>>> print(open('entry12.pdb').read())   # PDB, C-alpha atoms
ATOM      1  CA  MET Y   1      28.530   1.261  -8.128
ATOM      2  CA  ARG Y   2      25.838  -0.008  -5.726
ATOM      3  CA  PHE Y   3      25.859  -3.183  -3.643
ATOM      4  CA  HIS Y   4      22.870  -5.190  -2.474
ATOM      5  CA  SER Y   5      22.925  -7.318   0.707
ATOM      6  CA  GLY Y   6      26.720  -7.554   0.556
ATOM      7  CA  ALA Y   7      26.551  -9.782  -2.506
ATOM      8  CA  LEU Y   8      24.937  -7.909  -5.376
ATOM      9  CA  ALA Y   9      26.017  -4.757  -7.150
ATOM     10  CA  LEU Y  10      24.468  -2.625  -9.848
ATOM     11  CA  ALA Y  11      27.075  -1.916 -12.439
ATOM     12  CA  CYS Y  12      27.586  -0.740 -15.950
ATOM     13  CA  MET Y  13      28.924  -3.215 -18.414
ATOM     14  CA  SER Y  14      31.350  -4.741 -20.912
ATOM     15  CA  CYS Y  15      31.746  -8.351 -21.979
ATOM     16  CA  LEU Y  16      34.139 -11.287 -21.813
ATOM     17  CA  LEU Y  17      35.351 -12.257 -25.258
ATOM     18  CA  LEU Y  18      34.679 -15.929 -25.908
ATOM     19  CA  PRO Y  19      36.271 -16.929 -29.232
ATOM     20  CA  GLY Y  20      33.757 -19.695 -29.949
ATOM     21  CA  ALA Y  21      30.766 -17.457 -29.308
ATOM     22  CA  ALA Y  22      32.233 -14.525 -31.216
ATOM     23  CA  ALA Y  23      32.832 -16.733 -34.252
ATOM     24  CA  ARG Y  24      29.093 -17.447 -34.490
ATOM     25  CA  ALA Y  25      28.084 -13.780 -34.516
ATOM     26  CA  ASP Y  26      27.429 -12.010 -37.829
ATOM     27  CA  PRO Y  27      30.055  -9.232 -37.885
ATOM     28  CA  LYS Y  28      28.028  -6.959 -40.178
ATOM     29  CA  ALA Y  29      24.872  -7.333 -38.075
ATOM     30  CA  ILE Y  30      26.797  -6.618 -34.881
ATOM     31  CA  ALA Y  31      28.433  -3.576 -36.492
ATOM     32  CA  ASP Y  32      24.992  -2.281 -37.510
ATOM     33  CA  ALA Y  33      23.705  -2.784 -33.954
ATOM     34  CA  ARG Y  34      26.727  -0.879 -32.628
ATOM     35  CA  HIS Y  35      25.534   2.197 -34.530
ATOM     36  CA  SER Y  36      22.379   2.102 -32.366
ATOM     37  CA  VAL Y  37      24.280   2.389 -29.068
ATOM     38  CA  VAL Y  38      25.467   5.779 -27.835
ATOM     39  CA  VAL Y  39      27.340   7.212 -24.869
ATOM     40  CA  LEU Y  40      25.018   8.691 -22.220
ATOM     41  CA  LEU Y  41      26.229  11.714 -20.234
ATOM     42  CA  PRO Y  42      23.978  12.470 -17.238
ATOM     43  CA  ASP Y  43      23.833  16.095 -16.074
ATOM     44  CA  TRP Y  44      24.772  15.579 -12.433
ATOM     45  CA  PRO Y  45      23.728  18.009  -9.696
ATOM     46  CA  LYS Y  46      26.693  19.890  -8.237
ATOM     47  CA  GLY Y  47      28.662  17.739  -5.835
ATOM     48  CA  ARG Y  48      26.877  14.499  -6.771
ATOM     49  CA  VAL Y  49      29.030  13.218  -9.653
ATOM     50  CA  ARG Y  50      29.718   9.463  -9.387
ATOM     51  CA  ALA Y  51      33.453   9.222 -10.001
ATOM     52  CA  GLU Y  52      33.368   5.455 -10.547
ATOM     53  CA  GLU Y  53      30.856   5.672 -13.420
ATOM     54  CA  PRO Y  54      30.437   9.235 -14.731
ATOM     55  CA  GLU Y  55      29.272   7.970 -18.142
ATOM     56  CA  GLY Y  56      26.834   5.300 -19.265
ATOM     57  CA  SER Y  57      25.229   3.919 -22.408
ATOM     58  CA  ALA Y  58      21.862   4.124 -24.163
ATOM     59  CA  VAL Y  59      20.182   2.298 -27.050
ATOM     60  CA  VAL Y  60      18.283   3.928 -29.935
ATOM     61  CA  VAL Y  61      14.845   2.323 -30.417
ATOM     62  CA  ALA Y  62      11.475   2.753 -32.162
ATOM     63  CA  ASP Y  63      11.554   5.485 -34.839
ATOM     64  CA  GLY Y  64      15.061   6.621 -33.948
ATOM     65  CA  HIS Y  65      13.835   9.478 -31.741
ATOM     66  CA  TRP Y  66      13.656   7.259 -28.636
ATOM     67  CA  LEU Y  67      16.419   6.014 -26.347
ATOM     68  CA  VAL Y  68      16.310   3.443 -23.567
ATOM     69  CA  THR Y  69      18.877   3.124 -20.800
ATOM     70  CA  ALA Y  70      19.198   1.715 -17.291
ATOM     71  CA  ASP Y  71      17.494   4.026 -14.814
ATOM     72  CA  HIS Y  72      20.328   3.802 -12.302
ATOM     73  CA  VAL Y  73      22.679   5.326 -14.886
ATOM     74  CA  LEU Y  74      20.743   8.595 -14.605
ATOM     75  CA  GLY Y  75      20.756   8.489 -10.806
ATOM     76  CA  PRO Y  76      20.010  11.998  -9.468
ATOM     77  CA  ALA Y  77      20.449  13.630 -12.885
ATOM     78  CA  LYS Y  78      17.611  15.857 -14.116
ATOM     79  CA  GLY Y  79      18.815  15.796 -17.699
ATOM     80  CA  ALA Y  80      21.303  14.091 -19.998
ATOM     81  CA  ARG Y  81      23.116  14.374 -23.308
ATOM     82  CA  ILE Y  82      24.393  11.704 -25.642
ATOM     83  CA  ARG Y  83      27.727  11.570 -27.446
ATOM     84  CA  LEU Y  84      27.898  10.066 -30.918
ATOM     85  CA  ALA Y  85      30.809   8.216 -32.495
ATOM     86  CA  ASP Y  86      31.888  11.390 -34.331
ATOM     87  CA  GLY Y  87      32.070  13.294 -31.035
ATOM     88  CA  ARG Y  88      28.901  15.332 -31.467
ATOM     89  CA  LEU Y  89      26.803  16.025 -28.348
ATOM     90  CA  ILE Y  90      22.988  15.906 -28.557
ATOM     91  CA  ASP Y  91      20.532  17.027 -25.876
ATOM     92  CA  THR Y  92      17.875  14.596 -24.689
ATOM     93  CA  GLU Y  93      14.529  14.878 -22.963
ATOM     94  CA  ILE Y  94      13.857  12.384 -20.163
ATOM     95  CA  ALA Y  95      10.398  11.045 -21.048
ATOM     96  CA  ALA Y  96       9.926   8.470 -18.281
ATOM     97  CA  ARG Y  97      11.863   6.750 -15.521
ATOM     98  CA  ASP Y  98      10.976   3.447 -13.880
ATOM     99  CA  ARG Y  99      12.971   2.448 -10.816
ATOM    100  CA  GLU Y 100      10.911  -0.736 -10.438
ATOM    101  CA  SER Y 101      12.353  -2.239 -13.641
ATOM    102  CA  ASP Y 102      15.539  -0.102 -13.815
ATOM    103  CA  LEU Y 103      14.599   1.315 -17.212
ATOM    104  CA  ALA Y 104      14.438   4.916 -18.388
ATOM    105  CA  PHE Y 105      13.254   6.346 -21.702
ATOM    106  CA  LEU Y 106      14.502   9.504 -23.374
ATOM    107  CA  ARG Y 107      13.675  11.414 -26.557
ATOM    108  CA  ILE Y 108      15.934  13.185 -29.053
ATOM    109  CA  ALA Y 109      15.130  15.582 -31.890
ATOM    110  CA  GLU Y 110      17.540  14.042 -34.405
ATOM    111  CA  ALA Y 111      16.653  10.543 -35.607
ATOM    112  CA  LEU Y 112      19.400   7.936 -35.243
ATOM    113  CA  PRO Y 113      19.521   4.324 -36.505
ATOM    114  CA  PRO Y 114      17.234   2.236 -34.232
ATOM    115  CA  ILE Y 115      18.039  -1.289 -33.133
ATOM    116  CA  GLU Y 116      15.858  -4.265 -34.070
ATOM    117  CA  PHE Y 117      14.150  -6.130 -31.206
ATOM    118  CA  ALA Y 118      14.247  -9.902 -30.772
ATOM    119  CA  GLY Y 119      12.195 -12.152 -28.500
ATOM    120  CA  ASP Y 120      13.529 -14.423 -25.796
ATOM    121  CA  PRO Y 121      16.867 -15.973 -26.813
ATOM    122  CA  GLU Y 122      17.780 -19.626 -26.456
ATOM    123  CA  VAL Y 123      20.133 -20.608 -23.647
ATOM    124  CA  ALA Y 124      23.764 -21.175 -24.750
ATOM    125  CA  THR Y 125      23.397 -19.045 -27.887
ATOM    126  CA  THR Y 126      25.644 -16.081 -28.625
ATOM    127  CA  ALA Y 127      25.150 -12.862 -26.679
ATOM    128  CA  CYS Y 128      27.182  -9.738 -27.473
ATOM    129  CA  ALA Y 129      27.313  -6.703 -25.211
ATOM    130  CA  ILE Y 130      27.628  -3.252 -26.751
ATOM    131  CA  GLY Y 131      28.431  -0.409 -24.406
ATOM    132  CA  ASN Y 132      30.713   2.328 -23.167
ATOM    133  CA  SER Y 133      32.836   0.378 -20.684
ATOM    134  CA  PHE Y 134      35.004   2.606 -18.476
ATOM    135  CA  GLY Y 135      34.078   5.569 -20.678
ATOM    136  CA  LEU Y 136      36.412   4.390 -23.438
ATOM    137  CA  GLY Y 137      33.715   4.589 -26.104
ATOM    138  CA  VAL Y 138      31.208   2.127 -27.511
ATOM    139  CA  ALA Y 139      32.736  -1.300 -28.082
ATOM    140  CA  VAL Y 140      31.612  -4.893 -28.629
ATOM    141  CA  THR Y 141      32.530  -8.113 -26.834
ATOM    142  CA  CYS Y 142      30.703 -11.452 -26.795
ATOM    143  CA  GLY Y 143      29.673 -14.302 -24.513
ATOM    144  CA  VAL Y 144      26.643 -16.577 -24.275
ATOM    145  CA  VAL Y 145      23.113 -16.527 -22.900
ATOM    146  CA  SER Y 146      23.282 -18.316 -19.541
ATOM    147  CA  ALA Y 147      19.570 -18.185 -18.628
ATOM    148  CA  THR Y 148      16.333 -16.352 -19.413
ATOM    149  CA  GLY Y 149      13.366 -15.296 -17.298
ATOM    150  CA  ARG Y 150      15.479 -14.655 -14.209
ATOM    151  CA  GLY Y 151      13.503 -13.081 -11.352
ATOM    152  CA  GLY Y 152      13.971 -12.715  -7.636
ATOM    153  CA  VAL Y 153      17.656 -11.857  -8.023
ATOM    154  CA  GLY Y 154      17.252  -8.907  -5.692
ATOM    155  CA  PHE Y 155      17.994  -5.846  -7.812
ATOM    156  CA  ASN Y 156      14.543  -4.583  -8.799
ATOM    157  CA  ASP Y 157      10.895  -4.828  -7.754
ATOM    158  CA  ILE Y 158      10.130  -6.046 -11.290
ATOM    159  CA  GLU Y 159      12.601  -8.535 -12.795
ATOM    160  CA  ASP Y 160      12.654 -10.361 -16.113
ATOM    161  CA  PHE Y 161      16.363 -10.761 -16.786
ATOM    162  CA  VAL Y 162      18.457 -12.394 -19.461
ATOM    163  CA  GLN Y 163      21.514 -13.769 -17.670
ATOM    164  CA  THR Y 164      24.843 -13.821 -19.476
ATOM    165  CA  ASP Y 165      28.388 -14.851 -18.606
ATOM    166  CA  ALA Y 166      29.715 -11.719 -20.313
ATOM    167  CA  ALA Y 167      32.114  -9.814 -18.040
ATOM    168  CA  VAL Y 168      30.760  -6.380 -17.069
ATOM    169  CA  ASN Y 169      32.366  -3.092 -16.075
ATOM    170  CA  PRO Y 170      31.271   0.470 -15.197
ATOM    171  CA  GLY Y 171      30.131   2.526 -18.183
ATOM    172  CA  ALA Y 172      28.158  -0.018 -20.223
ATOM    173  CA  SER Y 173      24.939  -0.103 -18.160
ATOM    174  CA  GLY Y 174      22.076   0.944 -20.409
ATOM    175  CA  GLY Y 175      23.836  -0.571 -23.403
ATOM    176  CA  ALA Y 176      22.573  -3.406 -25.584
ATOM    177  CA  LEU Y 177      22.791  -7.155 -25.176
ATOM    178  CA  VAL Y 178      22.210  -8.534 -28.678
ATOM    179  CA  ASP Y 179      21.965 -11.930 -30.335
ATOM    180  CA  GLU Y 180      24.213 -13.181 -33.118
ATOM    181  CA  TYR Y 181      22.114 -11.247 -35.657
ATOM    182  CA  GLY Y 182      22.510  -7.933 -33.824
ATOM    183  CA  ARG Y 183      18.941  -7.935 -32.511
ATOM    184  CA  LEU Y 184      18.233  -6.598 -29.029
ATOM    185  CA  ILE Y 185      17.664  -9.261 -26.371
ATOM    186  CA  GLY Y 186      18.195  -7.062 -23.330
ATOM    187  CA  ILE Y 187      19.266  -3.757 -21.802
ATOM    188  CA  LEU Y 188      22.452  -4.193 -19.753
ATOM    189  CA  SER Y 189      21.582  -3.618 -16.123
ATOM    190  CA  ALA Y 190      23.390  -5.440 -13.325
ATOM    191  CA  ILE Y 191      26.103  -7.809 -12.164
ATOM    192  CA  TYR Y 192      26.318 -10.359  -9.372
ATOM    193  CA  THR Y 193      29.439  -9.892  -7.331
ATOM    194  CA  LYS Y 194      30.856 -10.717  -3.917
ATOM    195  CA  ALA Y 195      32.928  -8.349  -1.773
ATOM    196  CA  ASN Y 196      34.233  -6.298  -4.715
ATOM    197  CA  ASP Y 197      33.399  -5.028  -8.183
ATOM    198  CA  GLY Y 198      35.127  -7.915  -9.969
ATOM    199  CA  ASP Y 199      33.152  -9.840 -12.544
ATOM    200  CA  LEU Y 200      32.047 -13.383 -11.737
ATOM    201  CA  GLY Y 201      30.377 -14.041 -15.088
ATOM    202  CA  VAL Y 202      26.835 -13.797 -13.655
ATOM    203  CA  ASN Y 203      25.357 -10.679 -15.224
ATOM    204  CA  PHE Y 204      21.905  -9.435 -16.129
ATOM    205  CA  ALA Y 205      20.029  -7.500 -18.817
ATOM    206  CA  VAL Y 206      16.371  -6.436 -18.685
ATOM    207  CA  SER Y 207      14.652  -8.582 -21.332
ATOM    208  CA  ALA Y 208      13.743  -7.124 -24.719
ATOM    209  CA  PRO Y 209      10.051  -8.186 -24.415
ATOM    210  CA  LEU Y 210       9.687  -6.307 -21.111
ATOM    211  CA  THR Y 211      11.526  -3.302 -22.546
ATOM    212  CA  ALA Y 212       9.282  -3.269 -25.624
ATOM    213  CA  VAL Y 213       6.059  -3.342 -23.578
ATOM    214  CA  LEU Y 214       7.179  -0.482 -21.329
ATOM    215  CA  LEU Y 215       8.208   1.526 -24.406
ATOM    216  CA  GLU Y 216       4.760   0.922 -25.883
ATOM    217  CA  LYS Y 217       3.152   2.144 -22.648
ATOM    218  CA  ILE Y 218       5.108   5.383 -22.529
ATOM    219  CA  GLN Y 219       4.422   6.036 -26.220
ATOM    220  CA  ALA Y 220       0.686   5.347 -25.795
ATOM    221  CA  ASP Y 221       0.006   6.986 -22.422
ATOM    222  CA  GLY Y 222       2.926   9.334 -21.818
ATOM    223  CA  ARG Y 223       3.525   7.612 -18.474
ATOM    224  CA  LEU Y 224       4.384   4.275 -16.906
ATOM    225  CA  ALA Y 225       2.002   2.516 -14.517
ATOM    226  CA  HIS Y 226       2.475  -1.124 -13.587
ATOM    227  CA  LEU Y 227      -0.217  -3.748 -13.209
ATOM    228  CA  ARG Y 228      -1.552  -4.408  -9.715
ATOM    229  CA  LEU Y 229      -3.153  -7.796  -9.168
ATOM    230  CA  GLY Y 230      -4.601  -6.788  -5.817
ATOM    231  CA  VAL Y 231      -3.162  -9.731  -3.918
ATOM    232  CA  SER Y 232      -0.725 -10.366  -1.066
ATOM    233  CA  LEU Y 233       1.848 -13.085  -1.838
ATOM    234  CA  VAL Y 234       4.598 -14.874   0.066
ATOM    235  CA  GLU Y 235       7.168 -17.371  -1.175
ATOM    236  CA  THR Y 236       6.420 -20.988  -0.297
ATOM    237  CA  ARG Y 237       8.738 -22.950   1.977
ATOM    238  CA  PRO Y 238      11.013 -25.543   0.356
ATOM    239  CA  GLY Y 239       9.375 -28.950   0.252
ATOM    240  CA  PRO Y 240       8.258 -31.824  -1.961
ATOM    241  CA  GLU Y 241       5.978 -29.647  -4.118
ATOM    242  CA  ALA Y 242       7.003 -27.146  -6.794
ATOM    243  CA  ALA Y 243       8.030 -23.749  -5.416
ATOM    244  CA  GLY Y 244       5.633 -20.865  -5.912
ATOM    245  CA  LEU Y 245       3.881 -17.912  -4.300
ATOM    246  CA  GLU Y 246       1.143 -18.470  -1.736
ATOM    247  CA  VAL Y 247      -1.843 -16.122  -1.790
ATOM    248  CA  ARG Y 248      -2.323 -14.704   1.711
ATOM    249  CA  ALA Y 249      -5.019 -12.123   0.946
ATOM    250  CA  VAL Y 250      -7.086 -10.961  -2.040
ATOM    251  CA  GLU Y 251      -8.213  -7.355  -2.487
ATOM    252  CA  ALA Y 252     -11.945  -6.943  -3.055
ATOM    253  CA  GLY Y 253     -12.697  -5.904  -6.633
ATOM    254  CA  GLY Y 254      -9.092  -6.358  -7.792
ATOM    255  CA  LEU Y 255      -7.901  -8.292 -10.837
ATOM    256  CA  ALA Y 256      -6.979 -11.303  -8.696
ATOM    257  CA  GLU Y 257     -10.483 -11.580  -7.239
ATOM    258  CA  GLN Y 258     -12.046 -11.107 -10.666
ATOM    259  CA  ALA Y 259      -9.870 -13.945 -11.981
ATOM    260  CA  GLY Y 260     -10.955 -16.254  -9.157
ATOM    261  CA  LEU Y 261      -7.802 -16.339  -7.030
ATOM    262  CA  ARG Y 262      -8.407 -17.239  -3.379
ATOM    263  CA  ALA Y 263      -6.417 -17.090  -0.171
ATOM    264  CA  GLY Y 264      -4.429 -20.306   0.122
ATOM    265  CA  ASP Y 265      -3.859 -20.721  -3.624
ATOM    266  CA  VAL Y 266      -0.243 -21.131  -4.730
ATOM    267  CA  VAL Y 267       0.811 -19.520  -8.024
ATOM    268  CA  VAL Y 268       3.490 -21.733  -9.606
ATOM    269  CA  ALA Y 269       3.736 -20.367 -13.182
ATOM    270  CA  VAL Y 270       2.796 -17.397 -15.370
ATOM    271  CA  ASP Y 271       2.255 -18.090 -19.065
ATOM    272  CA  GLY Y 272       4.091 -21.373 -18.632
ATOM    273  CA  ALA Y 273       7.159 -19.859 -16.927
ATOM    274  CA  PRO Y 274       7.779 -21.016 -13.337
ATOM    275  CA  VAL Y 275       7.680 -18.240 -10.713
ATOM    276  CA  SER Y 276       8.930 -18.388  -7.148
ATOM    277  CA  SER Y 277       9.423 -14.687  -6.333
ATOM    278  CA  VAL Y 278       7.172 -11.642  -6.360
ATOM    279  CA  ALA Y 279       9.671  -9.714  -8.524
ATOM    280  CA  GLY Y 280       9.730 -12.574 -11.033
ATOM    281  CA  LEU Y 281       5.938 -12.817 -11.154
ATOM    282  CA  ARG Y 282       5.636  -9.063 -11.657
ATOM    283  CA  GLY Y 283       8.245  -9.276 -14.409
ATOM    284  CA  ARG Y 284       6.266 -11.937 -16.287
ATOM    285  CA  LEU Y 285       3.008  -9.984 -15.906
ATOM    286  CA  ALA Y 286       4.622  -6.692 -16.946
ATOM    287  CA  ARG Y 287       5.763  -8.051 -20.314
ATOM    288  CA  GLU Y 288       2.233  -8.952 -21.451
ATOM    289  CA  THR Y 289      -0.336  -6.473 -22.782
ATOM    290  CA  GLY Y 290      -3.640  -8.343 -22.898
ATOM    291  CA  GLY Y 291      -3.557 -10.802 -20.028
ATOM    292  CA  SER Y 292      -1.794 -13.814 -18.590
ATOM    293  CA  SER Y 293      -2.480 -17.417 -17.639
ATOM    294  CA  LEU Y 294      -1.634 -18.334 -14.047
ATOM    295  CA  LYS Y 295      -1.053 -21.945 -13.089
ATOM    296  CA  ILE Y 296      -2.117 -22.441  -9.489
ATOM    297  CA  ARG Y 297      -2.116 -25.210  -6.913
ATOM    298  CA  ARG Y 298      -5.329 -25.402  -4.885
ATOM    299  CA  ALA Y 299      -6.124 -28.111  -2.357
ATOM    300  CA  GLY Y 300      -3.707 -30.509  -4.025
ATOM    301  CA  GLU Y 301      -5.081 -29.901  -7.530
ATOM    302  CA  VAL Y 302      -3.509 -27.870 -10.354
ATOM    303  CA  ALA Y 303      -5.618 -25.432 -12.355
ATOM    304  CA  ASP Y 304      -5.182 -22.577 -14.835
ATOM    305  CA  ILE Y 305      -6.669 -19.130 -14.248
ATOM    306  CA  SER Y 306      -6.802 -16.349 -16.839
ATOM    307  CA  VAL Y 307      -6.134 -12.747 -15.816
ATOM    308  CA  ARG Y 308      -7.288 -10.233 -18.408
ATOM    309  CA  TYR Y 309      -6.141  -6.623 -18.491
ATOM    310  CA  ALA Y 310      -5.364  -3.760 -20.881
ATOM    311  CA  ILE Y 311      -1.983  -2.143 -21.418
ATOM    312  CA  GLY Y 312      -3.034   0.929 -19.424
ATOM    313  CA  ASP Y 313      -4.291  -0.971 -16.370
ATOM    314  CA  ASN Y 314      -2.523  -0.287 -13.083
TER     315      ASN Y 314
END
>>> encode(input="entry12.pdb", output="structure tokens")
Amino acid sequence: MRFHSGALALACMSCLLLPGAAARADPKAIADARHSVVVLLPDWPKGRVRAEEPEGSAVVVADGHWLVTADHVLGPAKGARIRLADGRLIDTEIAARDRESDLAFLRIAEALPPIEFAGDPEVATTACAIGNSFGLGVAVTCGVVSATGRGGVGFNDIEDFVQTDAAVNPGASGGALVDEYGRLIGILSAIYTKANDGDLGVNFAVSAPLTAVLLEKIQADGRLAHLRLGVSLVETRPGPEAAGLEVRAVEAGGLAEQAGLRAGDVVVAVDGAPVSSVAGLRGRLARETGGSSLKIRRAGEVADISVRYAIGDN
């Protein structure tokens, strides 16, 4: 289990059972989604086994031959197997790893039931976590969606998190956060904690839209390359105006210059979502495939700028 700045820790996950939330979930849909989550067994190099979380979780996606998990679950592993509910072990091929978003994609020869993707969930709706907590096997517990579009939390260079109050524990990272219909809303990734590994009910999953775009990239190009705006940004100081990211420098010929961004501009939103951190801005950009609309503040005026790009741009 990793800590960040004495306050944050990457973890693998389970969930706090909230009777009211659980009652709103469709049991059959959740049971179907559970069949799309498997135990992930990284092949650790000799002497580098992580005793606190030797197993993780993964989610079956796309045509059933693809898996997605949290990249930190693999750690130094060069390979991995999955364990099914009946105890069978299946070899996987690691297709792509992305430390910037904490996602990794694997392939398997045998098709398994894939999970259905959802879009962004509504705050305060049901969220159920499905994962291999403490290596006990895949299980389901439920909470609620606390927030969406979280960025700047401090875990990853690219962040677009669904926040949930579901309690989390080692073993479920890489598992599924689903809505009441069993549709994927996020890949379980991290917890916020202070001083120890105990759950504080502030936990994070990489959003389904971001996951889907990165899956599309690896399927189309065989690799992952993230968009570069070609701009230097710093967070604005707290004050009477909306928080954002100030443009300090613009790279000649880059996407930012082509879009008309200038030094001194302040980016306050991407596609209507407020941004106040570089990781959050990169998360919003990374989930789009054709371009984004930036709301900027320039010389006291607010304007919209369109940034156009293709899925393979980097």
>>> closest_atom_pairs(input="entry12.pdb", of="stretch 161-204 of chain Y", to="stretch 103-115 of chain Y", cutoff="9 Å", atoms="all atoms listed in the file", output="JSON lines")
{"residue": "Y:Gly174", "atom": "CA", "partner": "Y:Leu103", "partner_atom": "CA", "distance": 8.1}
{"residue": "Y:Gly182", "atom": "CA", "partner": "Y:Ile115", "partner_atom": "CA", "distance": 8.0}
{"residue": "Y:Arg183", "atom": "CA", "partner": "Y:Ile115", "partner_atom": "CA", "distance": 6.7}
{"residue": "Y:Leu184", "atom": "CA", "partner": "Y:Ile115", "partner_atom": "CA", "distance": 6.7}
{"residue": "Y:Ile187", "atom": "CA", "partner": "Y:Leu103", "partner_atom": "CA", "distance": 8.3}
{"residue": "Y:Ser189", "atom": "CA", "partner": "Y:Leu103", "partner_atom": "CA", "distance": 8.6}
>>> residues_around(input="entry12.pdb", residues="stretch 250-264 of chain Y", least_positions_apart="3", cutoff="6 Å", atoms="all atoms listed in the file", output="list of chain:residue names")
Y:Leu229, Y:Gly230, Y:Val231, Y:Val247, Y:Val307
>>> atom_distance(input="entry12.pdb", atom1="atom CA of Y:Asp71", atom2="atom CA of Y:Asp26")
29.8 Å
>>> atom_distance(input="entry12.pdb", atom1="atom CA of Y:Arg237", atom2="atom CA of Y:Ala269")
16.2 Å
>>> atom_distance(input="entry12.pdb", atom1="atom CA of Y:Val39", atom2="atom CA of Y:Val178")
17.0 Å
>>> closest_residue(input="entry12.pdb", among="Y:Asp160, Y:Ile82, Y:Ile296, Y:Gly75", to="Y:Arg97", atoms="all atoms listed in the file")
Y:Gly75
>>> residues_near_point(input="entry12.pdb", point="(11.6, -13.0, -10.1)", cutoff="6 Å", atoms="all atoms listed in the file", output="list in words")
Arg150, Gly151, Gly152, Glu159, Ser277, Val278, Ala279, Gly280 and Leu281 of chain Y
>>> closest_residue(input="entry12.pdb", among="Y:Val270, Y:Ile130, Y:Ala95, Y:Ala118", to="Y:Val37", atoms="only C-alpha atoms")
Y:Ile130
>>> closest_residue(input="entry12.pdb", among="Y:Gly64, Y:Gly137, Y:Gly131, Y:Gly290", to="Y:Ala172", atoms="all atoms listed in the file")
Y:Gly131
>>> closest_residue(input="entry12.pdb", among="Y:Ala77, Y:Gly222, Y:Pro121, Y:Ala205", to="Y:Asn156", atoms="all atoms listed in the file")
Y:Ala205
>>> residues_around(input="entry12.pdb", residues="Y:Val202", least_positions_apart="6", cutoff="10 Å", atoms="all atoms listed in the file", output="list in words")
Ser146, Ala147, Gln163, Thr164, Asp165, Ala166, Ala167, Val168, Ala190, Ile191, Tyr192 and Thr193 of chain Y
>>> closest_residue(input="entry12.pdb", among="Y:Asp32, Y:Glu288, Y:Glu246, Y:Glu301", to="Y:Val140", atoms="only C-alpha atoms")
Y:Asp32
>>> closest_residue(input="entry12.pdb", among="Y:Ala176, Y:Leu227, Y:Ile218, Y:Val145", to="Y:Asn203", atoms="all atoms listed in the file")
Y:Val145
>>> closest_atom_pairs(input="entry12.pdb", of="stretch 67-99 of chain Y", to="stretch 207-216 of chain Y", cutoff="12 Å", atoms="all atoms listed in the file", output="JSON lines")
{"residue": "Y:Leu67", "atom": "CA", "partner": "Y:Leu215", "partner_atom": "CA", "distance": 9.6}
{"residue": "Y:Val68", "atom": "CA", "partner": "Y:Thr211", "partner_atom": "CA", "distance": 8.3}
{"residue": "Y:Thr69", "atom": "CA", "partner": "Y:Thr211", "partner_atom": "CA", "distance": 9.9}
{"residue": "Y:Ala70", "atom": "CA", "partner": "Y:Thr211", "partner_atom": "CA", "distance": 10.6}
{"residue": "Y:Ala95", "atom": "CA", "partner": "Y:Leu215", "partner_atom": "CA", "distance": 10.3}
{"residue": "Y:Ala96", "atom": "CA", "partner": "Y:Leu215", "partner_atom": "CA", "distance": 9.4}
{"residue": "Y:Arg97", "atom": "CA", "partner": "Y:Leu214", "partner_atom": "CA", "distance": 10.4}
{"residue": "Y:Asp98", "atom": "CA", "partner": "Y:Leu214", "partner_atom": "CA", "distance": 9.2}
>>> resolve_selection(input="entry12.pdb", expression="the PyMOL selection byres ((chain Y and resi 133) around 10)", output="ChimeraX atom specification")
/Y:12-15,39,53,55-57,130-132,134-140,168-173,175
